[in-house]
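Visitor: Dropping in data-v6.txt, which is compact mmCIF, C-alpha atoms and all ligand atoms:
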```txt
# COMPACT_ATOMS: atom_id res chain seq x y z
CA MET X 170 67.16 104.55 166.92
CA ASP X 171 69.42 107.57 166.29
CA LYS X 172 72.53 105.56 165.56
CA LYS X 173 73.91 105.47 162.06
CA ILE X 174 73.27 102.17 160.29
CA ALA X 175 76.48 100.62 158.94
CA LEU X 176 76.69 97.47 156.81
CA VAL X 177 80.07 95.70 156.76
CA THR X 178 80.44 92.75 154.38
CA GLY X 179 82.58 89.77 155.36
CA ALA X 180 82.70 90.85 159.00
CA SER X 181 83.09 87.41 160.57
CA ARG X 182 86.85 87.83 160.97
CA GLY X 183 89.98 89.73 159.94
CA ILE X 184 89.72 93.27 158.61
CA GLY X 185 85.92 93.14 158.40
CA ARG X 186 85.63 92.21 162.08
CA ALA X 187 87.96 95.07 163.04
CA VAL X 188 86.03 97.54 160.87
CA ALA X 189 82.73 96.40 162.40
CA ALA X 190 84.11 96.84 165.92
CA ALA X 191 85.58 100.26 165.18
CA LEU X 192 82.39 101.53 163.54
CA ALA X 193 80.38 100.29 166.52
CA ALA X 194 82.78 102.07 168.87
CA SER X 195 82.27 105.25 166.83
CA GLY X 196 78.52 105.05 167.45
CA CYS X 197 77.11 103.05 164.53
CA HIS X 198 74.64 100.17 164.73
CA VAL X 199 76.58 97.60 162.73
CA LEU X 200 75.05 95.03 160.39
CA ILE X 201 77.53 92.17 160.31
CA ASN X 202 77.40 90.37 156.97
CA TYR X 203 78.89 86.92 156.52
CA ARG X 204 78.32 84.01 154.18
CA SER X 205 78.88 80.78 156.10
CA ARG X 206 80.87 81.42 159.29
CA GLN X 207 77.98 81.98 161.69
CA PRO X 208 79.90 81.26 164.93
CA GLU X 209 82.67 83.69 163.98
CA ALA X 210 80.14 86.36 162.97
CA ALA X 211 78.36 85.85 166.29
CA GLU X 212 81.73 86.33 168.00
CA THR X 213 82.15 89.67 166.18
CA LEU X 214 78.72 90.71 167.48
CA ALA X 215 79.48 89.51 171.01
CA ARG X 216 82.67 91.57 171.09
CA ILE X 217 80.77 94.66 169.91
CA GLN X 218 78.08 94.17 172.53
CA HIS X 219 80.66 93.50 175.25
CA ALA X 220 82.24 96.87 174.40
CA GLY X 221 78.84 98.56 174.81
CA GLY X 222 77.97 98.76 171.11
CA SER X 223 75.12 97.33 169.07
CA GLY X 224 74.72 95.31 165.90
CA GLU X 225 73.08 92.30 164.31
CA LEU X 226 73.88 89.52 161.87
CA TYR X 227 72.94 89.67 158.18
CA PRO X 228 74.02 86.51 156.34
CA PHE X 229 74.14 86.61 152.55
CA ASP X 230 76.60 85.79 149.79
CA VAL X 231 77.97 89.01 148.27
CA ALA X 232 78.86 87.11 145.08
CA ASP X 233 75.21 86.19 144.49
CA VAL X 234 73.38 89.09 142.86
CA ALA X 235 70.02 87.41 143.46
CA ALA X 236 70.70 87.32 147.21
CA CYS X 237 72.04 90.86 147.64
CA GLY X 238 69.05 92.86 146.40
CA PRO X 239 66.54 91.24 148.77
CA ALA X 240 69.05 91.38 151.65
CA VAL X 241 69.57 95.12 151.23
CA ALA X 242 65.81 95.63 150.79
CA GLY X 243 65.29 93.83 154.10
CA ILE X 244 67.77 96.14 155.82
CA ILE X 245 66.04 99.22 154.45
CA GLN X 246 62.62 97.90 155.45
CA THR X 247 63.81 97.32 159.01
CA HIS X 248 66.05 100.33 159.56
CA LYS X 249 64.60 102.81 157.04
CA ARG X 250 68.10 103.90 156.02
CA ILE X 251 71.72 102.84 155.44
CA ASP X 252 74.36 105.41 156.34
CA VAL X 253 77.56 103.47 155.83
CA LEU X 254 78.60 100.59 153.58
CA VAL X 255 82.00 98.96 153.85
CA ASN X 256 82.61 96.49 151.01
CA ASN X 257 85.17 94.26 152.70
CA ALA X 258 84.33 90.65 151.82
CA GLY X 259 86.98 89.12 149.60
CA ILE X 260 88.89 85.99 148.75
CA ARG X 261 92.14 85.20 147.02
CA HIS X 262 92.83 82.08 144.99
CA ASP X 263 96.30 82.43 143.54
CA SER X 264 97.96 80.75 140.62
CA LEU X 265 100.06 81.73 137.65
CA MET X 266 97.72 82.68 134.82
CA VAL X 267 98.97 79.94 132.51
CA PHE X 268 97.75 77.36 135.04
CA MET X 269 94.55 79.14 136.08
CA PRO X 270 91.26 77.41 135.26
CA ALA X 271 88.46 79.75 134.17
CA GLU X 272 86.52 78.89 137.31
CA GLN X 273 89.35 80.19 139.51
CA TRP X 274 89.31 83.48 137.59
CA SER X 275 85.56 83.92 137.75
CA GLN X 276 85.20 82.92 141.41
CA VAL X 277 87.61 85.64 142.52
CA ILE X 278 86.06 88.21 140.18
CA ALA X 279 82.58 87.31 141.44
CA THR X 280 83.46 87.67 145.11
CA ASN X 281 85.79 90.68 144.91
CA LEU X 282 84.44 92.71 141.98
CA ASN X 283 80.89 91.67 141.12
CA SER X 284 80.11 91.98 144.83
CA PHE X 285 80.82 95.70 144.53
CA PHE X 286 77.92 96.02 142.09
CA ASN X 287 75.69 93.45 143.83
CA VAL X 288 75.75 95.21 147.20
CA THR X 289 76.54 98.82 146.34
CA GLN X 290 73.87 99.29 143.69
CA PRO X 291 70.86 98.76 145.97
CA VAL X 292 72.60 100.59 148.82
CA VAL X 293 73.57 103.66 146.82
CA LYS X 294 70.00 104.06 145.55
CA GLN X 295 68.88 104.40 149.15
CA MET X 296 71.77 106.74 150.04
CA ALA X 297 70.94 108.98 147.08
CA LEU X 298 67.35 109.25 148.33
CA GLN X 299 68.65 110.08 151.82
CA ARG X 300 71.06 112.58 150.27
CA ARG X 301 73.73 111.21 152.57
CA GLY X 302 75.99 108.20 152.71
CA ARG X 303 79.49 106.82 153.00
CA ILE X 304 80.81 103.93 150.91
CA VAL X 305 84.27 102.49 151.52
CA THR X 306 85.63 99.52 149.60
CA ILE X 307 88.69 97.48 150.55
CA ALA X 308 90.92 97.07 147.51
CA SER X 309 94.59 96.05 147.75
CA THR X 310 98.09 97.03 146.77
CA ALA X 311 97.77 94.13 144.33
CA GLY X 312 95.24 96.16 142.34
CA GLN X 313 97.69 99.04 142.07
CA THR X 314 100.96 97.27 141.28
CA GLY X 315 99.93 93.81 140.11
CA VAL X 316 101.32 90.78 141.90
CA GLU X 317 102.47 87.63 140.11
CA GLY X 318 100.11 84.74 140.79
CA GLN X 319 97.21 87.14 141.34
CA THR X 320 95.92 88.17 137.91
CA ASN X 321 92.38 87.40 139.06
CA TYR X 322 92.70 89.19 142.42
CA ALA X 323 94.60 92.16 140.96
CA ALA X 324 91.99 92.56 138.22
CA ALA X 325 89.18 92.57 140.75
CA LYS X 326 90.93 95.01 143.08
CA ALA X 327 91.87 97.36 140.24
CA GLY X 328 88.25 97.05 139.12
CA VAL X 329 86.80 98.25 142.42
CA ILE X 330 89.17 101.24 142.34
CA GLY X 331 87.88 102.28 138.90
CA ALA X 332 84.27 101.59 139.81
CA SER X 333 84.56 103.61 143.02
CA LYS X 334 86.08 106.60 141.24
CA ALA X 335 83.27 106.53 138.66
CA LEU X 336 80.52 106.12 141.25
CA ALA X 337 82.04 108.90 143.37
CA ARG X 338 81.42 111.30 140.48
CA GLU X 339 77.89 109.99 139.91
CA VAL X 340 76.69 110.58 143.47
CA ALA X 341 78.82 113.46 144.77
CA LYS X 342 75.96 115.98 144.48
CA ARG X 343 73.78 113.66 146.52
CA GLY X 344 76.02 113.89 149.58
CA VAL X 345 77.33 110.36 149.13
CA THR X 346 81.09 109.77 149.24
CA VAL X 347 82.76 106.73 147.68
CA ASN X 348 86.33 105.90 148.65
CA VAL X 349 88.80 103.03 148.60
CA LEU X 350 91.31 101.68 151.07
CA ALA X 351 94.30 99.88 149.58
CA PRO X 352 95.95 97.78 152.28
CA GLY X 353 99.31 96.11 151.80
CA PHE X 354 100.09 93.07 153.95
CA ILE X 355 97.75 92.92 156.92
CA GLU X 356 97.90 90.24 159.59
CA THR X 357 94.79 88.10 159.01
CA ASP X 358 93.89 84.54 157.98
CA MET X 359 94.27 85.64 154.36
CA THR X 360 98.01 86.26 154.80
CA ALA X 361 98.64 83.58 157.45
CA GLY X 362 100.27 81.09 155.08
CA LEU X 363 102.55 83.52 153.24
CA PRO X 364 106.34 83.32 153.62
CA ARG X 365 107.18 86.20 155.98
CA ALA X 366 110.88 86.96 155.47
CA PRO X 367 110.85 87.88 151.75
CA LEU X 368 107.69 89.95 152.20
CA LEU X 369 109.01 91.85 155.21
CA ALA X 370 112.06 92.76 153.15
CA GLN X 371 109.75 94.63 150.72
CA ILE X 372 107.92 96.63 153.40
CA PRO X 373 109.68 99.85 154.44
CA ALA X 374 107.89 99.81 157.81
CA GLY X 375 109.40 96.35 158.41
CA ARG X 376 106.17 94.74 159.60
CA PHE X 377 102.71 93.62 158.51
CA GLY X 378 99.82 95.96 159.36
CA GLN X 379 97.09 95.17 161.86
CA PRO X 380 93.37 94.98 160.94
CA GLU X 381 92.74 97.81 163.43
CA GLU X 382 94.98 100.09 161.38
CA VAL X 383 92.73 99.56 158.35
CA ALA X 384 89.64 99.97 160.52
CA ALA X 385 90.78 103.36 161.83
CA ALA X 386 91.03 104.70 158.28
CA ALA X 387 87.60 103.26 157.42
CA VAL X 388 86.03 105.00 160.42
CA PHE X 389 87.56 108.30 159.35
CA LEU X 390 86.32 108.00 155.75
CA CYS X 391 82.85 107.14 157.10
CA SER X 392 82.78 110.13 159.44
CA GLU X 393 81.08 113.49 158.93
CA ALA X 394 84.53 115.09 158.94
CA ALA X 395 85.45 113.28 155.70
CA GLY X 396 82.56 114.75 153.70
CA TYR X 397 84.77 116.43 151.08
CA ILE X 398 86.88 113.31 150.42
CA THR X 399 85.49 111.25 147.55
CA GLY X 400 86.98 109.13 144.77
CA ALA X 401 90.12 108.75 146.89
CA VAL X 402 92.37 105.72 147.27
CA LEU X 403 94.15 105.64 150.62
CA ASN X 404 97.16 103.36 150.89
CA ILE X 405 97.67 101.52 154.17
CA ASN X 406 100.79 99.59 153.35
CA GLY X 407 103.75 100.59 155.50
CA GLY X 408 105.30 102.50 152.63
CA VAL X 409 105.27 99.80 149.94
CA TYR X 410 105.93 101.41 146.56
CA THR X 411 102.77 101.63 144.46
P1 LIG E 1 89.78 87.07 155.63
O1 LIG E 1 89.88 85.90 154.75
O2 LIG E 1 90.33 87.01 157.02
O3 LIG E 1 88.27 87.60 155.71
C1 LIG E 1 87.49 87.72 154.57
C2 LIG E 1 86.05 87.81 154.98
O4 LIG E 1 85.20 87.85 153.84
C3 LIG E 1 85.62 86.61 155.80
O5 LIG E 1 84.81 87.06 156.86
C4 LIG E 1 84.81 85.79 154.80
O6 LIG E 1 83.86 84.97 155.41
C5 LIG E 1 84.17 86.90 154.00
N1 LIG E 1 83.67 86.45 152.70
C6 LIG E 1 84.35 85.80 151.73
N2 LIG E 1 83.53 85.54 150.70
C7 LIG E 1 82.31 86.04 151.02
C8 LIG E 1 81.06 86.08 150.36
N3 LIG E 1 80.90 85.55 149.14
N4 LIG E 1 80.00 86.69 150.99
C9 LIG E 1 80.16 87.24 152.21
N5 LIG E 1 81.32 87.21 152.89
C10 LIG E 1 82.38 86.62 152.30
O7 LIG E 1 90.48 88.26 154.83
P2 LIG E 1 90.95 89.71 155.28
O8 LIG E 1 92.42 89.71 155.22
O9 LIG E 1 90.25 90.17 156.51
O10 LIG E 1 90.44 90.52 154.01
C11 LIG E 1 89.38 91.46 154.04
C12 LIG E 1 89.43 92.28 152.77
O11 LIG E 1 90.66 92.98 152.73
C13 LIG E 1 89.37 91.44 151.48
O12 LIG E 1 88.64 92.13 150.51
C14 LIG E 1 90.82 91.34 151.08
O13 LIG E 1 90.96 91.12 149.71
C15 LIG E 1 91.33 92.71 151.51
N6 LIG E 1 92.75 92.81 151.70
C16 LIG E 1 93.40 92.05 152.64
C17 LIG E 1 94.77 92.20 152.80
C18 LIG E 1 95.55 91.42 153.79
O14 LIG E 1 96.79 91.52 153.78
N7 LIG E 1 94.94 90.66 154.69
C19 LIG E 1 95.54 93.14 151.98
C20 LIG E 1 94.76 93.89 151.03
C21 LIG E 1 93.42 93.72 150.92
```
Please re-express this file's structure in structure tokens.
Ligand code: NAI
Guide:
Amino acid sequence: MDKKIALVTGASRGIGRAVAAALAASGCHVLINYRSRQPEAAETLARIQHAGGSGELYPFDVADVAACGPAVAGIIQTHKRIDVLVNNAGIRHDSLMVFMPAEQWSQVIATNLNSFFNVTQPVVKQMALQRRGRIVTIASTAGQTGVEGQTNYAAAKAGVIGASKALAREVAKRGVTVNVLAPGFIETDMTAGLPRAPLLAQIPAGRFGQPEEVAAAAVFLCSEAAGYITGAVLNINGGVYT
């Protein structure tokens, strides 16, 4: 198979689903990771196939380091390479820090920050051997500005920005780029319950973004044309001040 192999974590819905679809449309064979939402992940795959693309499902929990190594090894055994990794899977579990149990802190750090290590480490080893690869991680405006109620989430998102910048330097000579997308408010299940009016007042563009607008930027950063862009953080936030 000549297609590039692209792994997208948390691709059962939202931004991950849109990224998976856009990468497939750009010619990648997309490995759709999910943890528990098999029917929704299968729907992502069905949409890709309906559009003439190809992919397959790869369930594993990105927060579980013991699961990620074998999962990535299985991908490499089957496909012999990984060309693109999009670290998208994430959760938020908000509360003011004074009321936050330790478990709430560590759960969000495990899923949004430790996952960066758990998945990227085995993938980047392979990319370094290939002397080619593209890694894109979805951070957030919250990791740039801080948001009250999100100390855990902001810490994790700031963490993946720092980790990506460091890794970008480590692997630049190997032809591997490592970049970050920092979305503001994007219309997905994650933002469905938020009060709209006060948030819209803070967004110069006057609207939430669409998952496809994040996906378009991911496809560009994963393209051959973006080979000299590494260690970058690209805001996709409608002009929100960072
Ligand atoms: P979502 O809640 O719609 O989707 C998150 C995806 O991650 C789901 O498919 C979920 O099953 C998966 N996931 C969660 N934990 C997982 C685990 N342990 N292992 C594997 N998969 C797991 O959220 P949305 O909005 O699509 O978010 C995607 C990414 O974008 C997240 O990292 C989020 O923090 C980030 N983001 C979202 C923004 C928004 O406004 N929606 C803004 C900024 C960043």
Visitor: Could you tell me, counting all atoms listed in the file, which protein and nucleic acid residues lie no more than 6 Å from ligand LIG 1 (chain E), written as a PyMOL selection string?
Guide: chain X and resi 178-185+203-204+230-232+257-260+280+307-309+352-360
Visitor: Quote the spacing between CA of Lys173 in chain X and CA of Val345 in chain X in Å to one decimal place.
Guide: 14.2 Å
Visitor: Counting all atoms listed in the file, figure out which residue out of X:Tyr397, X:Phe286, X:Trp274, X:Tyr227 gets nearest to Ile244 in chain X.
Guide: X:Tyr227
Visitor: Please, what distance in Å, to one decimal, runs between CA of Lys326 in chain X and CA of Gly344 in chain X?
Guide: 24.9 Å
Visitor: My list of candidates is X:Arg338, X:Thr213, X:Asn281, X:Met296. Which is closest to Ile398 in chain X when distances are computed with all atoms listed in the file?
Guide: X:Arg338
Visitor: Of the candidates X:Val199, X:Glu382, X:Gln276, X:Ser284, which one gets nearest to Ala236 in chain X if we count all atoms listed in the file?
Guide: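 Closest to Ala236 in chain X of all the choices is X:Ser284.
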Visitor: Quick one: distance from CA of Ile174 in chain X to CA of Ala211 in chain X in Å, one decimal?
Guide: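 So the two atoms, CA of Ile174 in chain X and CA of Ala211 in chain X, lie 18.1 Å apart.
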Visitor: Please provide as a list in words all residues within 12 Å of Ala297 in chain X, with the sequence filter that same-chain residues fewer than 2 positions apart are discarded (counting only C-alpha atoms).
Guide: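 These residues fall inside the cut-off: Arg250, Ile251, Asp252, Thr289, Gln290, Pro291, Val292, Val293, Lys294, Gln295, Gln299, Arg300, Arg301, Gly302, Arg303, Ile304, Leu336, Ala337, Glu339, Val340, Ala341, Lys342, Arg343, Gly344, Val345 and Thr346 of chain X.
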Visitor: For Val305 in chain X, which residue among X:Cys197, X:Val253, X:Ala190, X:Val241 is the nearest when counting all atoms listed in the file?
Guide: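 Smallest separation from Val305 in chain X among the options: X:Val253.
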Visitor: Within 10 Å of Gly408 in chain X, counting all atoms listed in the file, which residues show up once you throw out same-chain ones fewer than 4 positions away? Write them as number ranges by chain, please.
Guide: X: 353, 371-375, 404
